[in-house]
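For reference, structure31.pdb is printed below; it contains PDB, C-alpha atoms, pLDDT in the B column.
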ATOM      1  CA  MET A   9     107.037 112.805 127.444  1.00 67.00           C
ATOM      2  CA  GLU A  10     110.522 113.952 126.578  1.00 69.00           C
ATOM      3  CA  LEU A  11     112.489 112.359 123.774  1.00 70.00           C
ATOM      4  CA  PRO A  12     116.258 112.743 123.633  1.00 69.00           C
ATOM      5  CA  LEU A  13     117.789 114.606 120.717  1.00 85.00           C
ATOM      6  CA  GLU A  14     119.015 111.276 119.361  1.00 89.00           C
ATOM      7  CA  ALA A  15     116.380 108.565 118.904  1.00 93.00           C
ATOM      8  CA  GLU A  16     115.553 105.652 116.599  1.00 96.00           C
ATOM      9  CA  CYS A  17     112.974 105.336 113.850  1.00 97.00           C
ATOM     10  CA  LEU A  18     111.520 101.881 113.383  1.00 98.00           C
ATOM     11  CA  ARG A  19     109.774 101.319 110.037  1.00 98.00           C
ATOM     12  CA  ILE A  20     107.624  98.270 109.468  1.00 98.00           C
ATOM     13  CA  TYR A  21     106.608  97.609 105.855  1.00 95.00           C
ATOM     14  CA  THR A  22     103.550  95.399 105.591  1.00 94.00           C
ATOM     15  CA  GLY A  23     100.255  95.164 103.710  1.00 91.00           C
ATOM     16  CA  GLU A  24      96.603  95.850 104.434  1.00 91.00           C
ATOM     17  CA  GLN A  25      95.744  92.164 104.274  1.00 91.00           C
ATOM     18  CA  ASP A  26      98.435  91.038 106.743  1.00 94.00           C
ATOM     19  CA  LYS A  27      96.866  89.706 109.935  1.00 96.00           C
ATOM     20  CA  TYR A  28      97.844  88.570 113.400  1.00 96.00           C
ATOM     21  CA  LYS A  29      95.320  86.457 115.323  1.00 95.00           C
ATOM     22  CA  GLY A  30      92.565  87.599 112.974  1.00 95.00           C
ATOM     23  CA  ARG A  31      93.302  91.325 113.382  1.00 96.00           C
ATOM     24  CA  PRO A  32      94.968  93.625 110.893  1.00 96.00           C
ATOM     25  CA  LEU A  33      98.675  93.452 111.726  1.00 97.00           C
ATOM     26  CA  TYR A  34      99.127  97.230 111.641  1.00 97.00           C
ATOM     27  CA  GLU A  35      96.357  97.700 114.252  1.00 97.00           C
ATOM     28  CA  TYR A  36      97.911  95.082 116.499  1.00 98.00           C
ATOM     29  CA  LEU A  37     101.347  96.728 116.220  1.00 98.00           C
ATOM     30  CA  VAL A  38     100.012 100.199 117.031  1.00 98.00           C
ATOM     31  CA  ASP A  39      98.074  98.851 120.037  1.00 98.00           C
ATOM     32  CA  GLU A  40     101.115  96.968 121.348  1.00 98.00           C
ATOM     33  CA  ALA A  41     103.356 100.013 120.883  1.00 98.00           C
ATOM     34  CA  GLY A  42     100.902 102.001 122.983  1.00 97.00           C
ATOM     35  CA  LYS A  43     100.761  99.325 125.682  1.00 97.00           C
ATOM     36  CA  MET A  44     104.565  99.298 125.827  1.00 97.00           C
ATOM     37  CA  GLY A  45     104.626 103.069 126.316  1.00 96.00           C
ATOM     38  CA  LEU A  46     106.334 104.002 123.069  1.00 96.00           C
ATOM     39  CA  ALA A  47     106.180 107.698 122.170  1.00 92.00           C
ATOM     40  CA  GLY A  48     103.817 107.189 119.226  1.00 92.00           C
ATOM     41  CA  ALA A  49     103.104 105.271 116.048  1.00 96.00           C
ATOM     42  CA  THR A  50     101.877 106.352 112.636  1.00 97.00           C
ATOM     43  CA  VAL A  51     100.469 104.146 109.873  1.00 98.00           C
ATOM     44  CA  LEU A  52     101.031 105.375 106.324  1.00 96.00           C
ATOM     45  CA  ARG A  53      99.030 103.872 103.456  1.00 93.00           C
ATOM     46  CA  GLY A  54     100.816 103.619 100.137  1.00 88.00           C
ATOM     47  CA  ILE A  55      99.129 104.044  96.778  1.00 82.00           C
ATOM     48  CA  SER A  56     101.446 101.633  95.019  1.00 78.00           C
ATOM     49  CA  GLY A  57     104.366  99.370  95.786  1.00 75.00           C
ATOM     50  CA  PHE A  58     105.848  95.888  95.684  1.00 70.00           C
ATOM     51  CA  GLY A  59     107.922  93.751  97.969  1.00 67.00           C
ATOM     52  CA  ALA A  60     109.993  90.600  97.908  1.00 64.00           C
ATOM     53  CA  ASN A  61     107.507  88.715  95.711  1.00 62.00           C
ATOM     54  CA  SER A  62     107.603  91.540  93.083  1.00 53.00           C
ATOM     55  CA  ARG A  63     103.793  91.605  92.872  1.00 60.00           C
ATOM     56  CA  VAL A  64     102.684  95.224  92.391  1.00 57.00           C
ATOM     57  CA  HIS A  65      99.953  96.482  94.708  1.00 54.00           C
ATOM     58  CA  SER A  66      98.122  99.551  93.402  1.00 57.00           C
ATOM     59  CA  HIS A  67      95.211 101.858  94.200  1.00 56.00           C
ATOM     60  CA  ARG A  68      93.924 101.915  90.610  1.00 57.00           C
ATOM     61  CA  ILE A  69      90.127 101.979  90.256  1.00 50.00           C
ATOM     62  CA  LEU A  70      89.893  98.413  89.006  1.00 52.00           C
ATOM     63  CA  ARG A  71      91.975  97.183  91.923  1.00 53.00           C
ATOM     64  CA  LEU A  72      90.397  98.886  94.937  1.00 54.00           C
ATOM     65  CA  SER A  73      90.231  95.623  96.843  1.00 52.00           C
ATOM     66  CA  GLU A  74      93.965  94.941  96.437  1.00 67.00           C
ATOM     67  CA  ASP A  75      96.346  94.610  99.333  1.00 79.00           C
ATOM     68  CA  LEU A  76      97.839  98.117  99.493  1.00 86.00           C
ATOM     69  CA  PRO A  77     101.231  98.655 101.146  1.00 90.00           C
ATOM     70  CA  LEU A  78     101.415 100.090 104.662  1.00 94.00           C
ATOM     71  CA  VAL A  79     104.295 101.524 106.670  1.00 97.00           C
ATOM     72  CA  VAL A  80     104.129 101.715 110.453  1.00 98.00           C
ATOM     73  CA  GLU A  81     106.613 104.249 111.847  1.00 98.00           C
ATOM     74  CA  ILE A  82     107.588 104.393 115.498  1.00 97.00           C
ATOM     75  CA  ILE A  83     110.138 106.828 116.916  1.00 95.00           C
ATOM     76  CA  ASP A  84     111.451 106.461 120.447  1.00 95.00           C
ATOM     77  CA  THR A  85     114.587 105.810 122.461  1.00 95.00           C
ATOM     78  CA  GLU A  86     116.928 103.028 121.424  1.00 95.00           C
ATOM     79  CA  GLU A  87     116.028 101.042 124.549  1.00 96.00           C
ATOM     80  CA  LYS A  88     112.270 101.132 123.907  1.00 97.00           C
ATOM     81  CA  ILE A  89     112.656 100.294 120.226  1.00 98.00           C
ATOM     82  CA  GLN A  90     114.959  97.376 121.058  1.00 97.00           C
ATOM     83  CA  ALA A  91     112.365  96.068 123.542  1.00 98.00           C
ATOM     84  CA  PHE A  92     109.718  96.144 120.769  1.00 98.00           C
ATOM     85  CA  LEU A  93     111.772  94.168 118.199  1.00 98.00           C
ATOM     86  CA  PRO A  94     111.162  90.670 119.674  1.00 98.00           C
ATOM     87  CA  LEU A  95     107.405  91.228 119.250  1.00 97.00           C
ATOM     88  CA  LEU A  96     107.936  92.005 115.552  1.00 96.00           C
ATOM     89  CA  ASN A  97     109.969  88.857 115.111  1.00 95.00           C
ATOM     90  CA  GLU A  98     107.121  86.853 116.621  1.00 96.00           C
ATOM     91  CA  VAL A  99     104.164  88.342 114.711  1.00 97.00           C
ATOM     92  CA  MET A 100     105.525  89.137 111.235  1.00 95.00           C
ATOM     93  CA  VAL A 101     105.367  86.335 108.675  1.00 92.00           C
ATOM     94  CA  GLU A 102     106.407  88.573 105.796  1.00 91.00           C
ATOM     95  CA  GLY A 103     107.411  92.181 105.332  1.00 92.00           C
ATOM     96  CA  LEU A 104     110.419  94.401 105.932  1.00 94.00           C
ATOM     97  CA  VAL A 105     111.622  96.092 109.106  1.00 97.00           C
ATOM     98  CA  THR A 106     114.216  98.882 109.103  1.00 97.00           C
ATOM     99  CA  LEU A 107     115.826 100.838 111.876  1.00 97.00           C
ATOM    100  CA  GLU A 108     117.717 104.105 111.703  1.00 96.00           C
ATOM    101  CA  ARG A 109     118.989 106.795 114.007  1.00 96.00           C
ATOM    102  CA  VAL A 110     117.121 110.098 113.853  1.00 94.00           C
ATOM    103  CA  ARG A 111     117.588 113.542 115.354  1.00 92.00           C
ATOM    104  CA  VAL A 112     114.513 114.840 117.128  1.00 89.00           C
ATOM    105  CA  PHE A 113     113.873 118.527 116.539  1.00 86.00           C
ATOM    106  CA  PHE A 114     110.893 118.618 118.913  1.00 81.00           C
ATOM    107  CA  TYR A 115     108.167 116.355 120.266  1.00 79.00           C
ATOM    108  CA  ARG A 116     105.166 118.129 121.738  1.00 77.00           C
ATOM    109  CA  HIS A 117     101.429 117.921 121.998  1.00 72.00           C
ATOM    110  CA  ASN A 118      98.647 120.437 122.530  1.00 71.00           C
ATOM    111  CA  GLN A 119      97.700 120.569 126.185  1.00 72.00           C
ATOM    112  CA  GLY A 120      94.667 122.748 125.577  1.00 66.00           C
ATOM    113  CA  LYS A 121      96.667 125.972 125.611  1.00 60.00           C
ATOM    114  CA  LYS A 122      95.639 128.631 123.143  1.00 61.00           C
ATOM    115  CA  ARG A 123      98.217 130.827 121.493  1.00 54.00           C
TER
END
Could you spell out this file's structure in structure tokens?
Amino acid sequence: MELPLEAECLRIYTGEQDKYKGRPLYEYLVDEAGKMGLAGATVLRGISGFGANSRVHSHRILRLSEDLPLVVEIIDTEEKIQAFLPLLNEVMVEGLVTLERVRVFFYRHNQGKKR
């Protein structure tokens, strides 16, 4: 898959405990991005953070079961990202979604070739 030099980065800030139809929200979003043919998605787990409610979520030993922050990042063309946004509006009860233009340096995968 080729990405243009100019693309968009969609960032979805959510938490480990956020669900959609009984599934972790981040898993659902990654699966749907794949079904829609987006270039890829990455889930990043934060060690600490807080959102609109100002409640701090942390990885500290005594709080291992807390709801740690997650960021789902998806980079693709403007058209594909725009097509994904209505899904976010439907499934997200709380969280933050940002969108920014990015310059793609390269996008490649290993096709079994050895160097």
_Could you list, as a PyMOL selection string, every residue matched by the PyMOL selection byres ((chain A and resi 73-89) around 9) in this structure?_
chain A and resi 11-12+14-26+34+37-38+41+44-59+65-67+70-72+90-93+107+109-110
*How many Å lie between CA of Met100 in chain A and CA of Lys27 in chain A, rounded to one decimal?*
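So the two atoms, CA of Met100 in chain A and CA of Lys27 in chain A, lie 8.8 Å apart.
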_Distance in Å - CA of Glu40 in chain A versus CA of Leu95 in chain A_ =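 Computed distance, CA of Glu40 in chain A to CA of Leu95 in chain A, equals 8.8 Å.
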*Grab the CA of Glu35 in chain A to CA of Leu13 in chain A distance for me, in Å with one decimal place.*
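Result for CA of Glu35 in chain A versus CA of Leu13 in chain A: 28.1 Å, one decimal.
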Would you compute, for all listed atoms of range 11-26 of chain A, the axis-aligned bounding box grown by 8 Å on each side, and then report its centre and edge lengths in Å rounded to one decimal, as JSON?
{"center_x": 107.4, "center_y": 102.8, "center_z": 113.7, "size_x": 39.3, "size_y": 39.6, "size_z": 36.1}
